[in-house]
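> File follows, entry-v1.cif with mmCIF, C-alpha atoms:
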```cif
data_model
loop_
_atom_site.label_atom_id
_atom_site.label_comp_id
_atom_site.auth_asym_id
_atom_site.auth_seq_id
_atom_site.Cartn_x
_atom_site.Cartn_y
_atom_site.Cartn_z
CA PHE A 99 31.85 70.55 -69.77
CA SER A 100 31.56 71.16 -66.05
CA ASP A 101 34.72 72.04 -64.16
CA LYS A 102 34.29 69.02 -61.85
CA TYR A 103 35.01 66.59 -64.67
CA GLN A 104 38.61 65.64 -65.38
CA THR A 105 40.30 66.45 -68.68
CA GLY A 106 42.78 64.46 -70.71
CA ILE A 107 42.98 62.07 -73.63
CA PRO A 108 43.51 58.45 -72.74
CA SER A 109 44.84 56.20 -75.46
CA GLY A 110 42.25 54.93 -77.92
CA SER A 111 39.75 57.67 -77.07
CA GLN A 112 40.57 60.33 -79.70
CA ASP A 113 37.23 59.85 -81.40
CA LYS A 114 35.49 61.11 -78.23
CA VAL A 115 37.33 64.46 -78.28
CA SER A 116 35.35 67.56 -79.09
CA VAL A 117 37.41 70.47 -80.57
CA LEU A 118 36.23 73.96 -79.62
CA ASP A 119 37.31 77.01 -81.64
CA SER A 120 38.07 79.74 -79.11
CA GLY A 121 40.09 82.00 -81.46
CA PRO A 122 42.91 81.88 -83.89
CA GLU A 123 44.52 79.01 -82.03
CA MET A 124 42.99 75.58 -81.59
CA ALA A 125 41.64 74.92 -78.07
CA GLU A 126 42.98 72.12 -75.92
CA PRO A 127 41.00 68.95 -76.49
CA LYS A 128 38.77 67.88 -73.55
CA LEU A 129 37.43 64.39 -72.73
CA ALA A 130 33.87 63.72 -71.57
CA VAL A 131 33.86 61.14 -68.72
CA ASP A 132 31.19 59.89 -66.32
CA PRO A 133 30.99 61.55 -62.89
CA VAL A 134 32.70 59.71 -60.00
CA ALA A 135 30.34 58.64 -57.17
CA THR A 136 31.26 60.15 -53.83
CA SER A 137 31.11 58.31 -50.45
CA ASN A 138 30.12 59.50 -47.01
CA LEU A 139 32.47 57.01 -45.32
CA SER A 140 35.44 58.48 -43.53
CA ALA A 141 38.50 56.98 -41.89
CA LYS A 142 38.04 59.54 -39.12
CA ALA A 143 34.51 58.37 -38.26
CA PRO A 144 33.93 57.31 -34.62
CA GLU A 145 34.24 53.61 -33.83
CA PHE A 146 31.00 51.61 -34.16
CA TYR A 147 29.60 49.76 -31.12
CA PRO A 148 26.61 47.37 -31.39
CA PRO A 149 23.57 47.89 -29.13
CA GLY A 150 24.14 46.70 -25.55
CA TYR A 151 27.92 46.94 -25.86
CA ASN A 152 29.56 48.45 -22.78
CA GLN A 153 32.26 50.62 -24.31
CA ASN A 154 33.74 51.85 -21.04
CA PHE A 155 34.05 48.35 -19.57
CA ASN A 156 35.78 46.80 -22.56
CA GLN A 157 38.11 49.76 -22.95
CA ASN A 158 39.22 49.36 -19.35
CA PHE A 159 39.26 45.60 -19.48
CA THR A 160 41.47 45.20 -22.54
CA ASP A 161 44.18 47.65 -21.45
CA SER A 162 47.52 46.09 -20.71
CA SER A 163 48.13 47.08 -17.09
CA PHE A 164 46.12 46.41 -13.97
CA GLU A 165 46.00 50.11 -13.10
CA ASP A 166 44.62 50.99 -16.54
CA ARG A 167 42.03 48.19 -16.48
CA CYS A 168 40.69 49.37 -13.11
CA ASP A 169 40.73 53.03 -14.11
CA GLY A 170 37.23 54.44 -13.58
CA TYR A 171 36.22 51.82 -11.01
CA LEU A 172 36.30 53.07 -7.44
CA THR A 173 35.61 49.71 -5.80
CA LEU A 174 35.99 45.99 -6.43
CA ALA A 175 32.20 45.65 -6.33
CA GLU A 176 31.84 48.14 -9.21
CA TYR A 177 34.34 46.30 -11.38
CA VAL A 178 32.97 42.81 -10.69
CA GLN A 179 29.33 43.82 -11.08
CA ASP A 180 30.12 45.49 -14.39
CA PHE A 181 31.75 42.31 -15.64
CA LEU A 182 28.84 40.16 -14.45
CA ASN A 183 26.35 42.39 -16.24
CA HIS A 184 28.57 42.25 -19.32
CA LEU A 185 28.49 38.43 -19.23
CA THR A 186 24.74 38.46 -18.77
CA GLU A 187 24.26 40.57 -21.89
CA GLN A 188 26.98 38.85 -23.95
CA PRO A 189 27.62 35.32 -22.65
CA GLY A 190 29.68 34.54 -25.75
CA CYS A 191 32.46 36.76 -24.38
CA PHE A 192 33.22 34.32 -21.56
CA GLU A 193 35.95 32.39 -23.38
CA THR A 194 37.79 35.47 -24.64
CA GLU A 195 37.62 37.65 -21.52
CA ILE A 196 37.61 35.35 -18.49
CA GLU A 197 41.40 34.99 -18.39
CA GLN A 198 41.95 38.75 -18.27
CA PHE A 199 39.21 39.10 -15.65
CA ALA A 200 40.86 36.52 -13.38
CA GLU A 201 44.23 38.21 -13.80
CA THR A 202 42.72 41.53 -12.77
CA LEU A 203 41.11 39.96 -9.71
CA ASN A 204 44.45 38.49 -8.65
CA GLY A 205 45.78 42.04 -8.51
CA TRP A 206 42.80 43.34 -6.57
CA VAL A 207 41.60 40.51 -4.31
CA ILE A 208 44.41 40.32 -1.76
CA ALA A 209 42.45 40.19 1.51
CA ASP A 210 39.85 37.90 3.10
CA GLU A 211 37.14 40.57 2.98
CA ALA A 212 37.64 41.16 -0.74
CA LEU A 213 37.38 37.43 -1.50
CA GLN A 214 34.18 37.11 0.53
CA GLU A 215 32.74 40.14 -1.26
CA LEU A 216 33.59 38.56 -4.63
CA VAL A 217 31.84 35.31 -3.68
CA GLU A 218 28.73 37.17 -2.54
CA LEU A 219 28.53 39.24 -5.74
CA ILE A 220 28.69 36.16 -7.96
CA TYR A 221 26.24 34.24 -5.78
CA GLN A 222 23.68 37.06 -5.88
CA GLN A 223 23.99 37.40 -9.66
CA ALA A 224 23.58 33.65 -10.18
CA THR A 225 20.49 33.39 -7.98
CA SER A 226 18.73 36.64 -8.87
CA VAL A 227 19.29 37.10 -12.61
CA PRO A 228 17.26 34.72 -14.81
CA ASN A 229 19.32 32.26 -16.86
CA PHE A 230 22.63 33.25 -15.26
CA SER A 231 22.96 30.14 -13.07
CA TYR A 232 24.84 28.18 -15.78
CA MET A 233 27.21 31.04 -16.58
CA GLY A 234 27.68 31.70 -12.88
CA ALA A 235 28.65 28.06 -12.29
CA ARG A 236 31.19 28.19 -15.14
CA LEU A 237 32.61 31.41 -13.73
CA CYS A 238 32.92 29.86 -10.26
CA ASN A 239 34.71 26.82 -11.67
CA TYR A 240 37.26 28.96 -13.53
CA LEU A 241 37.97 31.22 -10.57
CA SER A 242 38.32 28.27 -8.21
CA HIS A 243 41.32 27.13 -10.28
CA HIS A 244 42.86 30.50 -11.17
CA LEU A 245 42.55 32.80 -8.17
CA THR A 246 45.85 32.82 -6.31
CA ILE A 247 44.64 34.08 -2.92
CA SER A 248 44.09 31.34 -0.34
CA PRO A 249 43.58 32.86 3.11
CA GLN A 250 43.10 30.95 6.36
CA SER A 251 39.34 31.52 6.16
CA GLY A 252 39.23 29.40 2.99
CA ASN A 253 39.89 29.67 -0.73
CA PHE A 254 37.31 30.74 -3.31
CA ARG A 255 35.64 27.33 -3.65
CA GLN A 256 35.45 26.79 0.10
CA LEU A 257 33.87 30.19 0.70
CA LEU A 258 31.43 29.59 -2.15
CA LEU A 259 30.29 26.26 -0.66
CA GLN A 260 29.98 27.90 2.78
CA ARG A 261 27.70 30.54 1.25
CA CYS A 262 25.57 27.86 -0.37
CA ARG A 263 25.38 25.96 2.89
CA THR A 264 23.79 28.97 4.58
CA GLU A 265 20.88 28.80 2.14
CA TYR A 266 20.81 25.00 2.21
CA GLU A 267 20.28 24.86 5.96
CA ASN A 268 17.08 26.91 5.62
CA ARG A 269 15.58 24.52 3.05
CA ASP A 270 12.66 23.29 5.16
CA GLU A 271 11.52 26.80 6.06
CA ALA A 272 12.03 28.06 2.50
CA THR A 273 9.82 25.39 0.90
CA LYS A 274 7.00 26.41 3.26
CA GLY A 275 7.51 30.16 2.87
CA ASP A 276 5.59 32.66 0.79
CA GLU A 277 5.84 32.89 -2.98
CA THR A 278 8.82 35.27 -2.93
CA THR A 279 10.75 33.11 -0.47
CA ARG A 280 10.12 29.96 -2.49
CA LYS A 281 11.13 31.68 -5.73
CA GLN A 282 14.49 32.72 -4.24
CA PHE A 283 15.02 29.23 -2.88
CA HIS A 284 14.26 27.61 -6.24
CA ALA A 285 16.84 29.86 -7.91
CA PHE A 286 19.38 28.65 -5.36
CA VAL A 287 18.46 24.99 -6.01
CA LEU A 288 19.04 25.33 -9.75
CA PHE A 289 22.32 27.19 -9.21
CA LEU A 290 23.50 24.40 -6.92
CA ALA A 291 22.57 21.89 -9.63
CA GLU A 292 24.69 23.82 -12.15
CA LEU A 293 27.56 23.90 -9.67
CA TYR A 294 27.35 20.13 -9.29
CA LEU A 295 27.62 19.72 -13.06
CA ASN A 296 30.32 22.35 -13.69
CA LEU A 297 32.47 22.65 -10.57
CA GLU A 298 35.55 20.48 -11.14
CA ILE A 299 37.75 19.27 -8.30
CA LYS A 300 41.21 18.07 -9.23
CA GLY A 301 42.65 15.22 -7.19
CA THR A 302 46.25 14.71 -6.15
CA LYS A 303 46.83 12.46 -9.15
CA GLY A 304 45.31 14.90 -11.61
CA GLN A 305 41.94 13.21 -11.87
CA VAL A 306 38.88 15.47 -12.14
CA THR A 307 35.81 14.73 -10.02
CA ARG A 308 32.61 16.43 -8.96
CA ALA A 309 31.95 17.80 -5.50
CA GLU A 310 30.42 14.86 -3.63
CA ILE A 311 29.05 17.16 -0.97
CA LEU A 312 26.84 18.78 -3.63
CA GLN A 313 25.53 15.36 -4.64
CA GLU A 314 24.31 14.69 -1.12
CA GLY A 315 22.97 18.23 -0.87
CA LEU A 316 20.84 17.84 -3.99
CA ARG A 317 19.35 14.64 -2.57
CA GLU A 318 18.25 16.47 0.59
CA LEU A 319 16.91 19.39 -1.43
CA LEU A 320 14.71 16.98 -3.39
CA ASN A 321 13.38 15.60 -0.10
CA ALA A 322 12.57 19.13 1.07
CA LEU A 323 10.76 19.98 -2.17
CA PHE A 324 8.66 16.80 -2.12
CA SER A 325 7.87 17.22 1.58
CA ASN A 326 5.82 20.33 0.74
CA PRO A 327 4.30 19.34 -2.64
CA VAL A 328 2.85 22.64 -3.81
CA ASP A 329 3.04 23.33 -7.53
CA SER A 330 6.09 25.63 -7.49
CA ASN A 331 8.14 23.21 -5.37
CA LEU A 332 7.27 20.28 -7.64
CA ILE A 333 8.11 22.24 -10.79
CA CYS A 334 11.50 23.09 -9.28
CA ALA A 335 12.07 19.39 -8.49
CA VAL A 336 11.24 18.46 -12.09
CA LYS A 337 13.72 21.05 -13.43
CA LEU A 338 16.38 19.80 -11.03
CA LEU A 339 15.96 16.16 -12.08
CA LYS A 340 15.85 16.98 -15.79
CA LEU A 341 19.11 18.84 -15.35
CA THR A 342 21.01 16.40 -13.14
CA GLY A 343 18.96 13.17 -13.05
CA SER A 344 21.17 11.10 -15.34
CA VAL A 345 24.40 12.23 -13.63
CA LEU A 346 23.00 11.69 -10.14
CA GLU A 347 21.70 8.23 -10.95
CA ASP A 348 25.03 7.16 -12.46
CA ALA A 349 26.89 8.42 -9.39
CA TRP A 350 24.51 6.65 -7.01
CA LYS A 351 24.76 3.40 -8.96
CA GLU A 352 28.55 3.51 -8.76
CA LYS A 353 28.19 3.51 -4.97
CA GLY A 354 25.60 0.70 -5.03
CA LYS A 355 22.81 3.03 -3.95
CA ASN A 356 19.23 2.96 -5.23
CA ASP A 357 18.43 6.57 -4.35
CA MET A 358 16.88 7.27 -7.76
CA GLU A 359 14.38 4.45 -7.23
CA GLU A 360 13.39 6.12 -3.97
CA VAL A 361 13.00 9.46 -5.73
CA ILE A 362 10.79 7.92 -8.41
CA GLN A 363 8.68 6.22 -5.74
CA ARG A 364 8.31 9.59 -4.02
CA ILE A 365 7.10 11.10 -7.29
CA GLU A 366 4.56 8.29 -7.75
CA ASN A 367 3.18 8.92 -4.27
CA VAL A 368 2.86 12.64 -5.03
CA VAL A 369 0.96 11.95 -8.25
CA LEU A 370 -1.49 9.68 -6.42
CA ASP A 371 -1.96 11.60 -3.19
CA ALA A 372 -0.89 15.25 -3.46
CA ASN A 373 -3.31 18.09 -4.15
CA CYS A 374 -1.19 19.61 -6.89
CA SER A 375 -2.61 20.72 -10.22
CA ARG A 376 -3.26 18.36 -13.09
CA ASP A 377 -0.61 20.04 -15.25
CA VAL A 378 2.06 19.46 -12.61
CA LYS A 379 1.04 15.81 -12.28
CA HIS A 380 1.46 15.45 -16.03
CA MET A 381 4.95 16.98 -15.74
CA LEU A 382 5.82 14.43 -13.07
CA LEU A 383 4.53 11.56 -15.22
CA LYS A 384 6.60 12.78 -18.14
CA LEU A 385 9.64 12.86 -15.88
CA VAL A 386 9.03 9.24 -14.83
CA GLU A 387 8.75 8.34 -18.51
CA LEU A 388 12.01 10.16 -19.26
CA ARG A 389 13.81 8.25 -16.56
CA SER A 390 12.40 4.92 -17.81
CA SER A 391 14.10 5.67 -21.15
CA ASN A 392 17.46 6.11 -19.38
CA TRP A 393 17.03 9.91 -19.38
CA GLY A 394 16.79 9.96 -23.15
CA ARG A 395 20.23 8.42 -23.65
CA VAL A 396 19.31 6.07 -26.49
CA HIS A 397 22.00 3.76 -27.88
CA GLY A 398 21.30 2.13 -31.24
CA THR A 399 22.39 -1.44 -31.94
CA THR A 400 24.10 -0.70 -35.27
CA PRO A 401 24.60 2.50 -37.26
CA HIS A 402 22.99 1.09 -40.40
CA ALA A 403 20.19 -1.23 -39.28
CA GLU A 404 17.03 -0.19 -37.45
CA ALA A 405 16.50 -2.02 -34.18
CA THR A 406 13.81 -4.72 -34.26
CA PRO A 407 12.73 -7.47 -31.82
CA GLU A 408 14.60 -9.94 -34.03
CA ASN A 409 18.03 -8.22 -34.14
CA ASP A 410 18.07 -6.45 -30.78
CA PRO A 411 17.73 -8.53 -27.59
CA ASN A 412 17.14 -5.32 -25.61
CA TYR A 413 14.36 -4.07 -27.88
CA PHE A 414 11.67 -4.34 -25.18
CA MET A 415 13.93 -3.33 -22.29
CA ASN A 416 12.39 0.11 -21.85
CA GLU A 417 8.82 -0.96 -22.60
CA PRO A 418 6.36 -0.44 -19.72
CA THR A 419 4.92 -3.35 -17.77
CA PHE A 420 1.13 -3.79 -17.59
CA TYR A 421 -1.06 -6.01 -15.43
CA THR A 422 -4.18 -7.99 -16.23
CA SER A 423 -7.25 -7.99 -14.00
CA ASP A 424 -5.71 -10.97 -12.18
CA GLY A 425 -2.48 -9.09 -11.52
CA VAL A 426 -0.44 -11.00 -14.10
CA PRO A 427 2.29 -8.77 -15.64
CA PHE A 428 2.72 -8.51 -19.40
CA THR A 429 4.74 -6.37 -21.83
CA ALA A 430 4.85 -5.70 -25.56
CA ALA A 431 7.07 -8.78 -25.91
CA ASP A 432 4.20 -11.15 -24.97
CA PRO A 433 2.40 -12.87 -27.87
CA ASP A 434 -1.03 -11.92 -26.45
CA TYR A 435 -0.05 -8.30 -25.89
CA GLN A 436 -2.72 -6.72 -28.13
CA GLU A 437 -5.55 -8.75 -26.62
CA LYS A 438 -4.48 -8.14 -23.03
CA TYR A 439 -3.86 -4.46 -23.63
CA GLN A 440 -7.30 -3.99 -25.19
CA GLU A 441 -8.85 -5.66 -22.15
CA LEU A 442 -6.94 -3.24 -19.93
CA LEU A 443 -8.29 -0.22 -21.84
CA GLU A 444 -11.85 -1.47 -21.44
CA ARG A 445 -11.56 -1.37 -17.64
CA GLU A 446 -12.64 2.27 -17.53
CA ASP A 447 -14.15 1.98 -14.08
CA LEU A 448 -10.63 1.95 -12.61
CA PHE A 449 -9.99 5.50 -13.80
CA PRO A 450 -12.80 7.83 -12.64
CA TYR A 451 -12.64 11.43 -13.74
CA TYR A 452 -10.15 13.27 -11.59
CA GLU A 453 -11.47 16.31 -9.72
CA GLU A 454 -8.85 18.57 -8.18
CA ASN A 455 -9.37 19.17 -4.45
CA GLY A 456 -12.82 17.60 -4.68
CA ALA A 457 -14.15 20.31 -7.00
CA ASP A 458 -15.21 19.95 -10.61
CA LEU A 459 -12.60 21.79 -12.66
CA SER A 460 -15.09 22.45 -15.44
CA GLY A 461 -17.81 23.87 -13.19
CA PRO A 462 -19.75 27.06 -13.96
CA GLY A 463 -18.13 30.38 -13.33
CA GLU A 464 -14.63 29.20 -14.28
CA LEU A 465 -14.21 30.72 -17.72
CA TYR A 466 -10.74 29.27 -18.19
CA PHE A 467 -11.85 25.70 -17.66
CA ASP A 468 -15.05 26.17 -19.63
CA GLU A 469 -12.93 26.77 -22.71
CA ILE A 470 -10.83 23.60 -22.49
CA ASP A 471 -11.70 20.00 -23.19
CA ASP A 472 -12.39 17.87 -20.11
CA GLU A 473 -10.72 14.86 -21.71
CA MET A 474 -6.99 14.25 -21.32
CA ASP A 475 -4.73 14.09 -24.31
CA PRO A 476 -4.76 10.39 -25.42
CA GLU A 477 -1.02 9.99 -24.95
CA ILE A 478 -1.10 11.56 -21.48
CA GLU A 479 -4.16 9.56 -20.48
CA GLU A 480 -2.49 6.33 -21.56
CA ALA A 481 0.65 7.15 -19.57
CA TYR A 482 -1.43 8.06 -16.53
CA GLU A 483 -3.35 4.79 -16.72
CA LYS A 484 -0.15 2.78 -16.96
CA PHE A 485 1.24 4.58 -13.96
CA CYS A 486 -1.87 4.03 -11.84
CA LEU A 487 -1.95 0.33 -12.64
CA GLU A 488 1.71 -0.17 -11.78
CA SER A 489 1.35 1.76 -8.54
CA GLU A 490 -1.76 -0.19 -7.57
CA HIS A 491 0.04 -3.45 -8.14
CA LYS A 492 3.07 -2.36 -6.08
CA ARG A 493 0.83 -1.39 -3.17
CA LYS A 494 -0.89 -4.77 -3.22
CA GLN A 495 2.51 -6.43 -2.97
#
```
Output the file's structure in the form of structure tokens.


Amino acid sequence: FSDKYQTGIPSGSQDKVSVLDSGPEMAEPKLAVDPVATSNLSAKAPEFYPPGYNQNFNQNFTDSSFEDRCDGYLTLAEYVQDFLNHLTEQPGCFETEIEQFAETLNGWVIADEALQELVELIYQQATSVPNFSYMGARLCNYLSHHLTISPQSGNFRQLLLQRCRTEYENRDEATKGDETTRKQFHAFVLFLAELYLNLEIKGTKGQVTRAEILQEGLRELLNALFSNPVDSNLICAVKLLKLTGSVLEDAWKEKGKNDMEEVIQRIENVVLDANCSRDVKHMLLKLVELRSSNWGRVHGTTPHAEATPENDPNYFMNEPTFYTSDGVPFTAADPDYQEKYQELLEREDLFPYYEENGADLSGPGELYFDEIDDEMDPEIEEAYEKFCLESEHKRKQ
């Protein structure tokens, strides 16, 4: 037997013992056992960190004292920027680390200049790093309620809104600027939309409301975007309305305003008159359709029965309205709907082929357009026809 194997006779294993004669005396019995597998794991191995994990930041951040947490950071900007990058890479850490971050800031941000620097760092991260606008808005909301410093120049929320106002006042110039300027402005618009949804203001009686000044600001930003209807501005407006449309409309209705109707009318005018691309016009039409369905907030009549015209009086509420050649409106609820709708589809002369900027999109030399079908998708074409008919009727009125 090899020396690395153990020796001994466990109970019930005498039949496995081999007796070796090494002389006049009997040798000690030895037991044959299987070799024991060895492991490379060690309790002294270095701690494992997943890819993208900032070891230095978390080591500093989780220490108990303020001095230890800030050890290694020479400036406030270094510490805050490191945390913002950490949140960008691992947004799931927000809930577990935001409280400690705010506590650290309360020990560091004790002067007006430091608070203004903090606001600027967060603003730049939220408007320059893709997909950080939502996380930035959540961060701003938390800090607005947990930072203790409140200098004469304004608290965190007031300074943040002042910073946003600086960009807001340049809206008309920004929408007419070059591509880089418009891109920066669009990032600001979407960050402001996230602030409107996430920034909570607590009243004297404990009630939580949204910042009304942001509501009015978003309305003016929409006006600025539609006033210069190039593709990038219109795409930004669509994103803004998809994000906040339902909340804005509810808030306006509570005040008895019909601002959303005005916005939709503005979109209809853009679709009919603006020289934007066909794809962007389709996006705008889809947005109008989304709004007509109450922004996708569908409420069923009962949890067990499917809604039908017989059991749901609001079954046709969101159905579009069409018009006959005589201008008579009809919907899917009318008995002659199929006949009238078929007649509408046969009026093809009302919908000539659309040519962008007066040029045939499928002309020679344009390889991209040569490869695609000139015909619209049936669903999109139907929606576009409905929209044109409704707009034509409204203009006649």

> Which residues match the PyMOL selection byres ((chain A and resi 352-369) around 9) in the file above, as a PyMOL selection string?

chain A and resi 317+320-321+324+327+343+346-351+370-374+378-380+382-383+386+389+485-486+489

> Store the residues picked out above, limited to C-alpha atoms, as a PDB file, in the coordinates of the input.


```pdb
ATOM      1  CA  ARG A 317      19.350  14.640  -2.570  1.00  0.00           C
ATOM      2  CA  LEU A 320      14.710  16.980  -3.390  1.00  0.00           C
ATOM      3  CA  ASN A 321      13.380  15.600  -0.100  1.00  0.00           C
ATOM      4  CA  PHE A 324       8.660  16.800  -2.120  1.00  0.00           C
ATOM      5  CA  PRO A 327       4.300  19.340  -2.640  1.00  0.00           C
ATOM      6  CA  GLY A 343      18.960  13.170 -13.050  1.00  0.00           C
ATOM      7  CA  LEU A 346      23.000  11.690 -10.140  1.00  0.00           C
ATOM      8  CA  GLU A 347      21.700   8.230 -10.950  1.00  0.00           C
ATOM      9  CA  ASP A 348      25.030   7.160 -12.460  1.00  0.00           C
ATOM     10  CA  ALA A 349      26.890   8.420  -9.390  1.00  0.00           C
ATOM     11  CA  TRP A 350      24.510   6.650  -7.010  1.00  0.00           C
ATOM     12  CA  LYS A 351      24.760   3.400  -8.960  1.00  0.00           C
ATOM     13  CA  LEU A 370      -1.490   9.680  -6.420  1.00  0.00           C
ATOM     14  CA  ASP A 371      -1.960  11.600  -3.190  1.00  0.00           C
ATOM     15  CA  ALA A 372      -0.890  15.250  -3.460  1.00  0.00           C
ATOM     16  CA  ASN A 373      -3.310  18.090  -4.150  1.00  0.00           C
ATOM     17  CA  CYS A 374      -1.190  19.610  -6.890  1.00  0.00           C
ATOM     18  CA  VAL A 378       2.060  19.460 -12.610  1.00  0.00           C
ATOM     19  CA  LYS A 379       1.040  15.810 -12.280  1.00  0.00           C
ATOM     20  CA  HIS A 380       1.460  15.450 -16.030  1.00  0.00           C
ATOM     21  CA  LEU A 382       5.820  14.430 -13.070  1.00  0.00           C
ATOM     22  CA  LEU A 383       4.530  11.560 -15.220  1.00  0.00           C
ATOM     23  CA  VAL A 386       9.030   9.240 -14.830  1.00  0.00           C
ATOM     24  CA  ARG A 389      13.810   8.250 -16.560  1.00  0.00           C
ATOM     25  CA  PHE A 485       1.240   4.580 -13.960  1.00  0.00           C
ATOM     26  CA  CYS A 486      -1.870   4.030 -11.840  1.00  0.00           C
ATOM     27  CA  SER A 489       1.350   1.760  -8.540  1.00  0.00           C
TER      28      SER A 489
END
```

> Find the distance between atom CA of Leu297 of chain A and atom CA of Tyr266 of chain A and write it in Å to one decimal.

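Value for the atom CA of Leu297 of chain A-atom CA of Tyr266 of chain A distance: 17.5 Å.
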
> Evaluate the PyMOL selection byres ((chain A and resi 204) around 12) here and jot the selected residues down as an NGL selection string.

:A and (164 or 174 or 197-203 or 205-209 or 212-213 or 216 or 241-248 or 254)

> Could you please take those selected residues and save C-alpha atoms as an mmCIF file, keeping the file's coordinate frame?


```cif
data_model
loop_
_atom_site.group_PDB
_atom_site.id
_atom_site.type_symbol
_atom_site.label_atom_id
_atom_site.label_comp_id
_atom_site.auth_asym_id
_atom_site.auth_seq_id
_atom_site.Cartn_x
_atom_site.Cartn_y
_atom_site.Cartn_z
ATOM 1 C CA PHE A 164 46.120 46.410 -13.970
ATOM 2 C CA LEU A 174 35.990 45.990 -6.430
ATOM 3 C CA GLU A 197 41.400 34.990 -18.390
ATOM 4 C CA GLN A 198 41.950 38.750 -18.270
ATOM 5 C CA PHE A 199 39.210 39.100 -15.650
ATOM 6 C CA ALA A 200 40.860 36.520 -13.380
ATOM 7 C CA GLU A 201 44.230 38.210 -13.800
ATOM 8 C CA THR A 202 42.720 41.530 -12.770
ATOM 9 C CA LEU A 203 41.110 39.960 -9.710
ATOM 10 C CA GLY A 205 45.780 42.040 -8.510
ATOM 11 C CA TRP A 206 42.800 43.340 -6.570
ATOM 12 C CA VAL A 207 41.600 40.510 -4.310
ATOM 13 C CA ILE A 208 44.410 40.320 -1.760
ATOM 14 C CA ALA A 209 42.450 40.190 1.510
ATOM 15 C CA ALA A 212 37.640 41.160 -0.740
ATOM 16 C CA LEU A 213 37.380 37.430 -1.500
ATOM 17 C CA LEU A 216 33.590 38.560 -4.630
ATOM 18 C CA LEU A 241 37.970 31.220 -10.570
ATOM 19 C CA SER A 242 38.320 28.270 -8.210
ATOM 20 C CA HIS A 243 41.320 27.130 -10.280
ATOM 21 C CA HIS A 244 42.860 30.500 -11.170
ATOM 22 C CA LEU A 245 42.550 32.800 -8.170
ATOM 23 C CA THR A 246 45.850 32.820 -6.310
ATOM 24 C CA ILE A 247 44.640 34.080 -2.920
ATOM 25 C CA SER A 248 44.090 31.340 -0.340
ATOM 26 C CA PHE A 254 37.310 30.740 -3.310
#
```

> With a distance cut-off of 8 Å and only C-alpha atoms, select the neighbouring residues of Arg255 of chain A, excluding the residue or stretch itself and same-chain residues fewer than 3 positions from it, and output the selection as number ranges by chain.

A: 238, 242, 252, 258-259

> Given all atoms listed in the file as the basis, pick out the residue of A:Gly301, A:Phe283, A:Pro249, A:Glu211 nearest to Thr264 of chain A.

A:Phe283

> Enumerate, as number ranges by chain, the residues matched when the PyMOL selection byres ((chain A and resi 223) around 12) is run on the file above.

A: 178-186, 216-222, 224-235, 237-238, 282, 285-286, 289
